[in-house]
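One file, target_0.cif, carrying mmCIF, C-alpha atoms:
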data_structure
loop_
_atom_site.label_atom_id
_atom_site.label_comp_id
_atom_site.auth_asym_id
_atom_site.auth_seq_id
_atom_site.Cartn_x
_atom_site.Cartn_y
_atom_site.Cartn_z
CA MET I 19 25.50 5.75 31.08
CA ALA I 20 24.61 2.70 29.00
CA PHE I 21 20.98 2.98 30.08
CA GLN I 22 20.91 6.66 29.16
CA GLN I 23 22.40 5.90 25.74
CA LEU I 24 19.85 3.12 25.18
CA ASN I 25 17.04 5.45 26.21
CA GLN I 26 18.26 8.13 23.76
CA GLU I 27 18.43 5.55 20.99
CA ASN I 28 14.88 4.37 21.67
CA MET I 29 13.64 7.97 21.70
CA ARG I 30 15.39 8.59 18.38
CA ILE I 31 13.67 5.56 16.87
CA VAL I 32 10.26 6.66 18.20
CA ILE I 33 10.61 10.23 16.91
CA ALA I 34 11.87 9.12 13.50
CA SER I 35 9.03 6.62 13.14
CA LEU I 36 6.22 8.90 14.31
CA VAL I 37 7.24 11.81 12.09
CA GLY I 38 7.74 9.43 9.15
CA MET I 39 4.26 8.02 9.75
CA VAL I 40 2.75 11.51 9.65
CA ILE I 41 4.64 12.42 6.45
CA LEU I 42 3.37 9.31 4.69
CA PHE I 43 -0.20 9.74 5.92
CA VAL I 44 -0.41 13.42 4.98
CA TYR I 45 1.00 12.72 1.52
CA GLN I 46 -1.44 9.84 0.99
CA ALA I 47 -4.39 11.99 2.11
CA LEU I 48 -3.38 14.83 -0.23
CA SER I 49 -2.74 12.39 -3.08
CA TRP I 50 -6.30 11.07 -2.91
CA SER I 51 -8.06 14.34 -2.07
CA VAL I 52 -6.44 17.22 -3.95
CA SER I 53 -3.81 15.91 -6.37
CA PRO I 54 -4.53 14.48 -9.85
CA VAL I 55 -2.62 11.25 -9.09
CA HIS I 56 -5.77 9.13 -8.72
CA LYS I 57 -8.14 10.94 -11.07
CA ASN I 58 -8.02 8.04 -13.57
CA THR I 59 -7.84 5.22 -11.03
CA PHE I 60 -11.41 4.00 -11.48
CA GLY I 61 -13.40 3.58 -14.66
CA TYR I 62 -16.96 4.84 -15.03
CA THR I 63 -20.10 3.41 -16.58
CA LYS I 64 -23.43 5.22 -16.88
CA ASP I 65 -25.09 1.91 -16.03
CA GLN I 66 -23.54 1.81 -12.57
CA ASP I 67 -26.81 2.12 -10.64
CA ALA I 68 -28.38 -0.78 -12.51
CA ILE I 69 -25.24 -2.91 -12.10
CA VAL I 70 -25.00 -2.26 -8.35
CA ALA I 71 -28.72 -2.97 -7.94
CA PHE I 72 -28.32 -6.24 -9.84
CA LEU I 73 -25.30 -7.22 -7.75
CA SER I 74 -27.16 -6.49 -4.51
CA GLN I 75 -29.90 -8.91 -5.56
CA HIS I 76 -27.44 -11.75 -6.09
CA LEU I 77 -24.54 -11.10 -3.70
CA HIS I 78 -25.20 -11.14 0.02
CA GLU I 79 -21.78 -11.15 1.68
CA ASP I 80 -18.88 -8.71 1.69
CA GLU I 81 -16.51 -10.63 -0.53
CA ILE I 82 -14.23 -10.47 -3.55
CA TYR I 83 -15.78 -12.49 -6.35
CA TYR I 84 -13.93 -13.78 -9.40
CA MET I 85 -16.50 -14.38 -12.12
CA PRO I 86 -16.98 -16.84 -13.59
CA SER I 87 -15.34 -19.45 -11.41
CA PRO I 88 -16.24 -23.05 -10.57
CA PRO I 89 -18.11 -23.71 -7.32
CA PRO I 90 -16.22 -24.59 -4.11
CA GLY I 91 -15.00 -28.17 -4.02
CA SER I 92 -14.45 -28.38 -7.78
CA SER I 93 -11.57 -30.48 -8.97
CA MET I 94 -8.44 -29.09 -10.60
CA GLN I 95 -9.67 -30.54 -13.89
CA GLU I 96 -12.94 -28.62 -13.57
CA HIS I 97 -10.96 -25.43 -12.90
CA GLN I 98 -8.82 -26.02 -15.98
CA ASP I 99 -11.84 -26.84 -18.15
CA MET I 100 -13.59 -23.63 -17.11
CA MET I 101 -10.46 -21.57 -17.77
CA LYS I 102 -10.23 -23.05 -21.28
CA SER I 103 -13.90 -22.41 -21.97
CA MET I 104 -13.57 -18.75 -20.90
CA VAL I 105 -10.68 -17.83 -23.20
CA GLY I 106 -11.72 -14.78 -25.21
CA LYS I 107 -14.83 -14.15 -23.09
CA PRO I 108 -15.52 -11.43 -20.47
CA TYR I 109 -14.69 -11.92 -16.81
CA ALA I 110 -14.87 -9.74 -13.70
CA LEU I 111 -13.23 -9.30 -10.32
CA VAL I 112 -15.85 -7.75 -8.02
CA ASN I 113 -15.04 -6.29 -4.60
CA TYR I 114 -18.57 -6.26 -3.19
CA HIS I 115 -19.79 -4.58 -0.01
CA ALA I 116 -23.43 -4.74 1.05
CA ALA I 117 -23.37 -1.26 2.62
CA MET I 118 -21.04 1.71 2.41
CA SER I 119 -19.96 3.17 5.74
CA GLY I 120 -20.03 6.94 6.08
CA ASN I 121 -17.44 6.82 8.86
CA MET I 122 -13.82 6.20 7.85
CA THR I 123 -12.32 6.59 11.33
CA SER I 124 -11.23 2.96 11.54
CA GLU I 125 -9.60 3.17 8.08
CA TYR I 126 -7.70 6.31 9.12
CA ILE I 127 -6.49 4.69 12.33
CA MET I 128 -5.45 1.52 10.52
CA GLY I 129 -3.70 3.59 7.83
CA LEU I 130 -1.68 5.40 10.49
CA LEU I 131 -0.77 2.14 12.24
CA LEU I 132 0.27 0.44 9.01
CA ASN I 133 2.40 3.44 8.03
CA LEU I 134 3.95 3.43 11.49
CA ALA I 135 4.80 -0.27 11.22
CA CYS I 136 6.43 0.23 7.80
CA VAL I 137 8.45 3.26 8.88
CA LEU I 138 9.49 1.55 12.11
CA LEU I 139 10.88 -1.42 10.17
CA ILE I 140 12.98 0.90 8.01
CA VAL I 141 14.14 2.94 11.01
CA LEU I 142 15.21 -0.21 12.86
CA LEU I 143 17.13 -1.38 9.80
CA MET I 144 18.80 2.03 9.38
CA ASN I 145 19.69 2.08 13.07
CA ARG I 146 21.17 -1.43 13.08
CA ALA I 147 23.09 -0.89 9.84
CA ALA I 148 24.21 2.67 10.62
CA ILE I 149 27.84 1.74 10.05
CA ALA I 150 27.03 0.81 6.44
CA PHE I 151 24.76 3.78 5.74
CA THR I 152 26.89 6.70 6.85
CA THR I 153 25.79 9.33 4.33
CA PHE I 154 22.51 11.06 3.59
CA GLY I 155 22.52 9.59 0.07
CA SER I 156 23.10 6.03 1.23
CA ARG I 157 20.28 6.24 3.77
CA LEU I 158 17.92 7.73 1.17
CA GLY I 159 18.99 4.98 -1.24
CA LEU I 160 18.04 2.37 1.35
CA VAL I 161 14.56 3.86 1.77
CA MET I 162 14.03 4.09 -1.99
CA THR I 163 15.19 0.49 -2.44
CA PHE I 164 12.51 -0.48 0.06
CA SER I 165 9.91 1.55 -1.88
CA VAL I 166 10.86 -0.10 -5.18
CA PHE I 167 10.55 -3.49 -3.48
CA LEU I 168 7.04 -2.52 -2.33
CA VAL I 169 6.09 -1.44 -5.85
CA LEU I 170 7.29 -4.70 -7.40
CA ALA I 171 5.87 -6.96 -4.69
CA ALA I 172 2.45 -5.33 -4.39
CA PRO I 173 0.81 -3.29 -7.21
CA MET I 174 2.99 -4.62 -10.04
CA MET I 175 2.52 -8.21 -8.87
CA THR I 176 -1.26 -7.86 -8.63
CA MET I 177 -1.35 -6.20 -12.05
CA ASN I 178 0.55 -9.16 -13.45
CA TRP I 179 -1.66 -11.88 -11.96
CA TRP I 180 -5.09 -10.22 -11.92
CA GLY I 181 -4.93 -8.07 -15.01
CA TYR I 182 -5.39 -4.72 -13.25
CA PRO I 183 -5.10 -1.93 -15.83
CA TRP I 184 -2.09 0.37 -15.63
CA HIS I 185 -4.24 3.46 -14.94
CA TYR I 186 -5.46 1.72 -11.76
CA VAL I 187 -1.99 0.64 -10.62
CA ALA I 188 -0.19 3.85 -11.61
CA GLY I 189 -1.58 5.83 -8.67
CA ASP I 190 -0.37 3.27 -6.14
CA VAL I 191 3.06 3.14 -7.77
CA THR I 192 3.28 6.94 -7.72
CA ASP I 193 2.17 7.12 -4.09
CA MET I 194 4.72 4.55 -2.98
CA LEU I 195 7.62 6.23 -4.76
CA ILE I 196 6.78 9.84 -3.87
CA GLY I 197 5.51 9.09 -0.36
CA TRP I 198 8.60 7.09 0.56
CA PHE I 199 10.89 9.63 -1.09
CA LEU I 200 9.45 12.36 1.15
CA CYS I 201 9.63 10.10 4.18
CA GLY I 202 13.15 9.08 3.15
CA LEU I 203 14.30 12.70 3.09
CA TRP I 204 13.21 13.05 6.70
CA LEU I 205 14.67 9.74 7.85
CA SER I 206 17.96 10.26 6.03
CA TRP I 207 18.42 13.68 7.62
CA TYR I 208 17.16 12.86 11.10
CA MET I 209 18.83 9.48 11.55
CA GLY I 210 22.18 10.93 10.48
CA ARG I 211 21.79 14.03 12.64
CA ALA I 212 20.52 12.12 15.66
CA LYS I 213 23.32 9.56 15.40
CA LYS I 214 25.97 12.31 15.43
CA ALA I 215 24.28 14.02 18.37
CA ALA I 216 24.27 10.75 20.31
#

In structure tokens, how does this file's structure come out?
Amino acid sequence: MAFQQLNQENMRIVIASLVGMVILFVYQALSWSVSPVHKNTFGYTKDQDAIVAFLSQHLHEDEIYYMPSPPPGSSMQEHQDMMKSMVGKPYALVNYHAAMSGNMTSEYIMGLLLNLACVLLIVLLMNRAAIAFTTFGSRLGLVMTFSVFLVLAAPMMTMNWWGYPWHYVAGDVTDMLIGWFLCGLWLSWYMGRAKKAA
């Protein structure tokens, strides 16, 4: 009997996590492909071809470059001196890739796996703390608390430290809040229903 109950609980966790993963992934795909959420994410310059051509002549590795920055091995004093000398001047954070891949299969697979890992963590927490989250609203509140934590710890934190513009960050913030709200609706309903059925 105990084994059967454990098996049912594991199956409940698997179903909740897999469906949640699909909900997140489908929302994210629609957000980037058909919704206006990310239409202002990236800026545009008519000089883009010349800039990319120039970068390809001087950058040879897939890397994120912070420009200008002192060469490797520079002392802390050299870092500080360069920072002082750059106040009021332009700088750039360049995410450079030598060649664009036309196949995004690996990104799709990794996106699904990352979503699965995130949903699984929430499902495990909801399952372990079921006695504290007995209502639909409390379970949804838990999921949304997690999403707010993600917003503050990821896009808002990078905006703070790296100066990302709000129009770039806004899409990620929107995706996290809406995506997890939709996923939270499913988890809040299913975890409560499945628990009662068990």

* To do: Go through the shown structure with the PyMOL selection byres ((chain I and resi 169) around 12) and write out the matching residues as a ChimeraX atom specification.
  => /I:162-168,170-177,187-198

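CA of Tyr83 in chain I is found 6.5 Å from CA of Asn113 in chain I.
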
* Write out as a ChimeraX atom specification the residues lying within 8 Å of His185 in chain I, counting only C-alpha atoms and excluding same-chain residues fewer than 4 positions away. => /I:58-60,189

What do you get, as a short mmCIF file (atom, residue, chain, number, x, y, z; two decimals) with C-alpha atoms, in the coordinates of the input, if you spell out every residue that the PyMOL selection byres ((chain I and resi 155-158) around 12) selects here?
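Written out: result-v2.cif:
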data_model
loop_
_atom_site.label_atom_id
_atom_site.label_comp_id
_atom_site.auth_asym_id
_atom_site.auth_seq_id
_atom_site.Cartn_x
_atom_site.Cartn_y
_atom_site.Cartn_z
CA ILE I 140 12.98 0.90 8.01
CA VAL I 141 14.14 2.94 11.01
CA LEU I 143 17.13 -1.38 9.80
CA MET I 144 18.80 2.03 9.38
CA ASN I 145 19.69 2.08 13.07
CA ALA I 147 23.09 -0.89 9.84
CA ALA I 148 24.21 2.67 10.62
CA ILE I 149 27.84 1.74 10.05
CA ALA I 150 27.03 0.81 6.44
CA PHE I 151 24.76 3.78 5.74
CA THR I 152 26.89 6.70 6.85
CA THR I 153 25.79 9.33 4.33
CA PHE I 154 22.51 11.06 3.59
CA GLY I 159 18.99 4.98 -1.24
CA LEU I 160 18.04 2.37 1.35
CA VAL I 161 14.56 3.86 1.77
CA MET I 162 14.03 4.09 -1.99
CA THR I 163 15.19 0.49 -2.44
CA PHE I 164 12.51 -0.48 0.06
CA SER I 165 9.91 1.55 -1.88
CA LEU I 195 7.62 6.23 -4.76
CA TRP I 198 8.60 7.09 0.56
CA PHE I 199 10.89 9.63 -1.09
CA LEU I 200 9.45 12.36 1.15
CA CYS I 201 9.63 10.10 4.18
CA GLY I 202 13.15 9.08 3.15
CA LEU I 203 14.30 12.70 3.09
CA TRP I 204 13.21 13.05 6.70
CA LEU I 205 14.67 9.74 7.85
CA SER I 206 17.96 10.26 6.03
CA TRP I 207 18.42 13.68 7.62
CA TYR I 208 17.16 12.86 11.10
CA MET I 209 18.83 9.48 11.55
CA GLY I 210 22.18 10.93 10.48
CA ARG I 211 21.79 14.03 12.64
#

* Asked: I:Leu36, I:Val44, I:Met104, I:Val112: which is nearest Ile69 in chain I, counting only C-alpha atoms?
  -> I:Val112

* Written as a ChimeraX atom specification, what is the full residue list that the PyMOL selection byres ((chain I and resi 129) around 12) yields on the file shown? -> /I:39-40,42-44,46-47,122-128,130-136

Give me, as a CSV table (one decimal) with C-alpha atoms, in the coordinates of the input, all polymer residues having an atom no more than 8 Å from range 76-82 of chain I, counting all atoms listed in the file and skipping those fewer than 4 positions away in the same chain.
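Written output follows (part-v7.csv):
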chain,number,residue,atom,x,y,z
I,72,PHE,CA,-28.3,-6.2,-9.8
I,111,LEU,CA,-13.2,-9.3,-10.3
I,112,VAL,CA,-15.8,-7.8,-8.0
I,113,ASN,CA,-15.0,-6.3,-4.6
I,114,TYR,CA,-18.6,-6.3,-3.2
I,115,HIS,CA,-19.8,-4.6,0.0
I,116,ALA,CA,-23.4,-4.7,1.0
